[in-house]
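Engineer: For reference, the file my_file_35.pdb (PDB, C-alpha atoms) is included below:
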```pdb
ATOM      1  CA  MET A 928     115.395  75.747-169.718
ATOM      2  CA  VAL A 929     118.427  74.573-167.707
ATOM      3  CA  TYR A 930     119.070  78.154-166.653
ATOM      4  CA  ARG A 931     115.487  78.526-165.343
ATOM      5  CA  ALA A 932     115.724  75.265-163.365
ATOM      6  CA  PHE A 933     119.068  76.355-161.861
ATOM      7  CA  ARG A 934     117.596  79.731-160.902
ATOM      8  CA  ASN A 935     114.595  78.041-159.207
ATOM      9  CA  VAL A 936     116.889  75.730-157.233
ATOM     10  CA  LEU A 937     118.936  78.706-156.027
ATOM     11  CA  PHE A 938     115.781  80.560-155.038
ATOM     12  CA  LEU A 939     114.448  77.597-153.035
ATOM     13  CA  ALA A 940     117.838  77.124-151.346
ATOM     14  CA  ALA A 941     117.855  80.790-150.332
ATOM     15  CA  LEU A 942     114.447  80.374-148.760
ATOM     16  CA  ALA A 943     115.375  77.199-146.930
ATOM     17  CA  LEU A 944     118.712  78.384-145.467
ATOM     18  CA  PRO A 945     118.644  80.495-142.328
ATOM     19  CA  ALA A 946     119.358  84.185-142.725
ATOM     20  CA  THR A 947     122.415  83.937-140.444
ATOM     21  CA  ALA A 948     124.185  81.322-142.557
ATOM     22  CA  ALA A 949     126.351  83.970-144.209
ATOM     23  CA  LEU A 950     127.444  85.572-140.909
ATOM     24  CA  PRO A 951     130.482  84.394-138.949
ATOM     25  CA  GLN A 952     129.686  82.734-135.625
ATOM     26  CA  GLU A 953     130.883  85.700-133.538
ATOM     27  CA  HIS A 954     128.196  87.919-135.145
ATOM     28  CA  VAL A 955     125.301  85.573-134.514
ATOM     29  CA  HIS A 956     123.287  86.763-131.510
ATOM     30  CA  ARG A 957     121.818  84.045-129.398
ATOM     31  CA  ALA A 958     119.361  84.552-126.580
ATOM     32  CA  ALA A 959     120.766  83.486-123.260
ATOM     33  CA  VAL A 960     118.661  80.764-121.721
ATOM     34  CA  THR A 961     118.029  81.539-118.082
ATOM     35  CA  GLY A 962     115.618  80.175-115.500
ATOM     36  CA  SER A 963     111.924  80.750-115.804
ATOM     37  CA  PHE A 964     110.344  83.794-117.359
ATOM     38  CA  ASP A 965     108.978  85.038-114.022
ATOM     39  CA  ALA A 966     112.377  84.710-112.357
ATOM     40  CA  SER A 967     113.881  87.182-114.814
ATOM     41  CA  PHE A 968     111.741  89.923-113.229
ATOM     42  CA  ALA A 969     112.587  89.132-109.607
ATOM     43  CA  ARG A 970     115.000  92.050-109.322
ATOM     44  CA  PHE A 971     112.179  94.527-110.157
ATOM     45  CA  GLU A 972     109.782  93.459-107.386
ATOM     46  CA  THR A 973     110.605  96.325-105.030
ATOM     47  CA  LEU A 974     110.227  99.864-106.254
ATOM     48  CA  PRO A 975     112.643 102.604-105.265
ATOM     49  CA  PRO A 976     111.261 105.266-102.918
ATOM     50  CA  ALA A 977     109.410 108.118-104.602
ATOM     51  CA  PRO A 978     111.475 111.272-104.992
ATOM     52  CA  GLN A 979     110.631 114.250-102.779
ATOM     53  CA  PRO A 980     109.092 117.185-104.690
ATOM     54  CA  ALA A 981     111.150 120.326-105.067
ATOM     55  CA  GLY A 982     110.210 123.477-103.162
ATOM     56  CA  HIS A 983     108.646 125.258-106.150
ATOM     57  CA  VAL A 984     106.169 122.474-107.005
ATOM     58  CA  VAL A 985     102.437 123.246-106.673
ATOM     59  CA  ASP A 986     100.217 120.693-104.938
ATOM     60  CA  LEU A 987      97.294 120.231-107.357
ATOM     61  CA  SER A 988      95.082 118.685-104.667
ATOM     62  CA  THR A 989      94.802 122.071-102.938
ATOM     63  CA  ILE A 990      93.688 124.037-106.023
ATOM     64  CA  GLU A 991      89.985 124.677-106.500
ATOM     65  CA  PRO A 992      88.937 124.543-110.174
ATOM     66  CA  PRO A 993      87.272 127.751-111.343
ATOM     67  CA  VAL A 994      83.512 127.759-111.506
ATOM     68  CA  GLU A 995      82.412 128.195-115.084
ATOM     69  CA  LEU A 996      79.896 130.994-115.275
ATOM     70  CA  PRO A 997      77.382 131.197-118.093
ATOM     71  CA  PRO A 998      78.313 133.768-120.727
ATOM     72  CA  VAL A 999      77.127 137.305-120.076
ATOM     73  CA  THR A1000      74.578 138.402-122.646
ATOM     74  CA  ARG A1001      73.109 141.751-123.616
ATOM     75  CA  SER A1002      69.743 141.735-125.345
ATOM     76  CA  ILE A1003      69.796 143.485-128.703
ATOM     77  CA  GLY A1004      66.106 143.094-129.467
ATOM     78  CA  THR A1005      63.711 140.920-131.389
ATOM     79  CA  GLY A1006      62.855 140.699-135.043
ATOM     80  CA  VAL A1007      62.335 138.434-137.997
ATOM     81  CA  ALA A1008      65.074 135.999-138.956
ATOM     82  CA  SER A1009      65.435 134.180-142.238
ATOM     83  CA  TYR A1010      68.053 131.753-143.449
ATOM     84  CA  TYR A1011      70.238 131.301-146.465
ATOM     85  CA  GLY A1012      71.691 128.028-147.575
ATOM     86  CA  ARG A1013      72.376 126.002-150.689
ATOM     87  CA  ARG A1014      72.238 128.890-153.191
ATOM     88  CA  PHE A1015      74.989 130.790-151.336
ATOM     89  CA  HIS A1016      77.040 127.770-150.177
ATOM     90  CA  GLY A1017      80.706 128.258-151.098
ATOM     91  CA  ARG A1018      80.385 131.936-152.044
ATOM     92  CA  LEU A1019      82.540 134.564-150.357
ATOM     93  CA  THR A1020      80.990 136.334-147.377
ATOM     94  CA  ALA A1021      81.545 139.992-146.525
ATOM     95  CA  ASN A1022      84.451 139.162-144.200
ATOM     96  CA  GLY A1023      86.239 137.175-146.951
ATOM     97  CA  GLU A1024      85.599 133.591-145.853
ATOM     98  CA  ARG A1025      83.582 131.034-147.776
ATOM     99  CA  PHE A1026      79.982 130.606-146.654
ATOM    100  CA  ASP A1027      79.306 127.173-145.184
ATOM    101  CA  MET A1028      75.615 126.441-144.802
ATOM    102  CA  HIS A1029      76.485 123.695-142.273
ATOM    103  CA  ALA A1030      78.297 126.105-139.908
ATOM    104  CA  MET A1031      76.667 128.186-137.174
ATOM    105  CA  THR A1032      77.091 131.585-138.796
ATOM    106  CA  ALA A1033      74.872 134.569-139.564
ATOM    107  CA  ALA A1034      74.610 137.862-141.411
ATOM    108  CA  HIS A1035      73.790 141.124-139.592
ATOM    109  CA  ARG A1036      73.773 144.674-140.895
ATOM    110  CA  THR A1037      75.806 146.389-138.146
ATOM    111  CA  LEU A1038      77.383 143.950-135.664
ATOM    112  CA  PRO A1039      81.172 143.530-135.994
ATOM    113  CA  PHE A1040      82.482 140.419-137.726
ATOM    114  CA  GLY A1041      83.260 137.665-135.226
ATOM    115  CA  SER A1042      80.554 138.757-132.782
ATOM    116  CA  LEU A1043      78.770 135.880-131.097
ATOM    117  CA  VAL A1044      75.008 136.212-131.003
ATOM    118  CA  GLU A1045      72.581 133.968-129.161
ATOM    119  CA  VAL A1046      69.462 133.560-131.305
ATOM    120  CA  THR A1047      66.341 132.228-129.543
ATOM    121  CA  ASN A1048      63.089 131.100-131.130
ATOM    122  CA  PRO A1049      60.461 132.140-128.531
ATOM    123  CA  ARG A1050      57.848 129.792-130.028
ATOM    124  CA  THR A1051      59.941 126.691-129.367
ATOM    125  CA  GLY A1052      62.459 127.912-126.781
ATOM    126  CA  LYS A1053      65.301 126.594-128.936
ATOM    127  CA  ARG A1054      68.470 128.650-129.048
ATOM    128  CA  VAL A1055      71.748 128.643-130.952
ATOM    129  CA  THR A1056      74.930 130.690-130.853
ATOM    130  CA  VAL A1057      76.034 132.037-134.226
ATOM    131  CA  ARG A1058      79.107 133.964-135.348
ATOM    132  CA  ILE A1059      78.594 137.044-137.520
ATOM    133  CA  ASN A1060      80.584 136.666-140.759
ATOM    134  CA  ASP A1061      78.434 138.434-143.358
ATOM    135  CA  ARG A1062      76.330 141.531-143.976
ATOM    136  CA  GLY A1063      72.582 141.497-144.481
ATOM    137  CA  PRO A1064      69.744 140.719-144.589
ATOM    138  CA  PHE A1065      68.688 143.044-147.354
ATOM    139  CA  HIS A1066      65.076 141.913-147.564
ATOM    140  CA  GLY A1067      62.160 143.642-145.866
ATOM    141  CA  ASN A1068      62.069 143.994-142.110
ATOM    142  CA  ARG A1069      64.420 141.118-141.277
ATOM    143  CA  VAL A1070      67.120 141.660-138.654
ATOM    144  CA  ILE A1071      69.335 138.596-139.131
ATOM    145  CA  ASP A1072      70.014 135.885-141.712
ATOM    146  CA  VAL A1073      71.201 132.642-140.138
ATOM    147  CA  SER A1074      72.839 129.706-141.881
ATOM    148  CA  ARG A1075      70.796 126.643-142.775
ATOM    149  CA  ALA A1076      72.312 124.675-139.876
ATOM    150  CA  ALA A1077      71.252 127.362-137.377
ATOM    151  CA  ALA A1078      67.784 127.610-138.953
ATOM    152  CA  THR A1079      67.370 123.841-138.629
ATOM    153  CA  GLU A1080      68.260 123.982-134.919
ATOM    154  CA  LEU A1081      65.858 126.890-134.388
ATOM    155  CA  GLY A1082      63.003 125.268-136.314
ATOM    156  CA  LEU A1083      62.803 127.927-139.033
ATOM    157  CA  ILE A1084      63.217 125.660-142.074
ATOM    158  CA  GLY A1085      59.531 124.935-142.668
ATOM    159  CA  ARG A1086      58.355 128.560-142.819
ATOM    160  CA  GLY A1087      61.654 130.017-144.012
ATOM    161  CA  HIS A1088      61.522 132.808-141.435
ATOM    162  CA  GLY A1089      60.349 133.470-137.910
ATOM    163  CA  THR A1090      60.446 135.868-135.011
ATOM    164  CA  VAL A1091      63.576 135.540-132.865
ATOM    165  CA  GLU A1092      65.182 137.195-129.870
ATOM    166  CA  LEU A1093      68.822 138.281-130.201
ATOM    167  CA  ALA A1094      71.394 138.628-127.437
ATOM    168  CA  LEU A1095      75.021 139.651-127.910
ATOM    169  CA  LEU A1096      77.425 137.408-125.990
ATOM    170  CA  LYS A1097      80.229 139.093-124.091
ATOM    171  CA  GLY A1098      83.228 137.133-123.192
TER     172      GLY A1098
END
```
What would the structure in this file look like if it were written as structure tokens?
Structural biologist:
Amino acid sequence: MVYRAFRNVLFLAALALPATAALPQEHVHRAAVTGSFDASFARFETLPPAPQPAGHVVDLSTIEPPVELPPVTRSIGTGVASYYGRRFHGRLTANGERFDMHAMTAAHRTLPFGSLVEVTNPRTGKRVTVRINDRGPFHGNRVIDVSRAAATELGLIGRGHGTVELALLKG
């Protein structure tokens, strides 16, 4: 009981004493009290002159930014598109990556993997750009299988399929 009381007194004394009490006076850092706060910045009122640029520096104000041209496309025809989604989500695609039904990807029988294809729904005028990462479709007369995200953007979810126009993007 006495030990606990002694320990509590020591703890309270440690809290009450300043942290610098154990340091010798020459190690205690004290802030020098000077005039006003604003006066301490008086020496920084004038800025030094700006340095002259070196001879190899390019003046960015004289450069015209390039005009961004729309991507060049080559029509590769029309046909029926369908979509695949939840049932295939997470499975490996033909190029070895996992299928993500929320990504803008598609399956095509012959286009190289990584090709960018602009798919347009002529009924609605909506268009998306998809990346080919799988092979297919292997059902009927369909020319492309798009992911669920692309089908949603194109308006194909309700019917499950629809006629689309395909254009291969070059770039």
Engineer: Report the residues retrieved by the PyMOL selection byres ((chain A and resi 1002-1016) around 9) from the displayed file, expressed as a ChimeraX atom specification.
Structural biologist: /A:1000-1001,1017-1019,1025-1029,1033,1064,1068-1078,1083-1084,1087-1096
Engineer: What is the distance between atom CA of Thr1020 of chain A and atom CA of Phe1040 of chain A, in Å to one decimal?
Structural biologist: 10.6 Å
Engineer: Suppose a student applies the PyMOL selection byres ((chain A and resi 1056) around 8) to this structure; what residues should they get, written as an mmCIF file with C-alpha atoms, in the frame of the given file?
Structural biologist:
```
data_model
loop_
_atom_site.group_PDB
_atom_site.id
_atom_site.type_symbol
_atom_site.label_atom_id
_atom_site.label_comp_id
_atom_site.auth_asym_id
_atom_site.auth_seq_id
_atom_site.Cartn_x
_atom_site.Cartn_y
_atom_site.Cartn_z
ATOM 1 C CA MET A 1031 76.667 128.186 -137.174
ATOM 2 C CA LEU A 1043 78.770 135.880 -131.097
ATOM 3 C CA VAL A 1044 75.008 136.212 -131.003
ATOM 4 C CA GLU A 1045 72.581 133.968 -129.161
ATOM 5 C CA VAL A 1046 69.462 133.560 -131.305
ATOM 6 C CA ARG A 1054 68.470 128.650 -129.048
ATOM 7 C CA VAL A 1055 71.748 128.643 -130.952
ATOM 8 C CA VAL A 1057 76.034 132.037 -134.226
ATOM 9 C CA ARG A 1058 79.107 133.964 -135.348
#
```
Engineer: Please evaluate the PyMOL selection byres ((chain A and resi 1035) around 6) against the structure above and give the resulting residues as a list in words.
Structural biologist: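 Applied to this file, the PyMOL selection byres ((chain A and resi 1035) around 6) returns Ala1034, Arg1036, Thr1037, Arg1062, Gly1063 and Ile1071 of chain A.
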Engineer: What is the distance between atom CA of Thr1051 of chain A and atom CA of Pro1039 of chain A, in Å to one decimal?
Structural biologist: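 Taking atom CA of Thr1051 of chain A and atom CA of Pro1039 of chain A, their separation equals 27.9 Å.
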Engineer: What is the distance between atom CA of Asn1048 of chain A and atom CA of Thr1032 of chain A, in Å to one decimal?
Structural biologist: 16.0 Å
Engineer: Could the centre and edge lengths of an axis-aligned box, enclosing all atoms of segment 1017-1031 of chain A in the file with 3 Å extra on each side, be given in Å to one decimal as JSON?
Structural biologist:
```
{"center_x": 80.9, "center_y": 131.8, "center_z": -144.6, "size_x": 16.6, "size_y": 22.3, "size_z": 20.9}
```
Engineer: Rank nothing, just name the residue among A:Asp1061, A:Leu1038, A:Arg1050, A:Lys1097 nearest to Gly1082 of chain A, using all atoms listed in the file.
Structural biologist: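 Going through A:Asp1061, A:Leu1038, A:Arg1050, A:Lys1097 one by one, the smallest distance to Gly1082 of chain A is for A:Arg1050.
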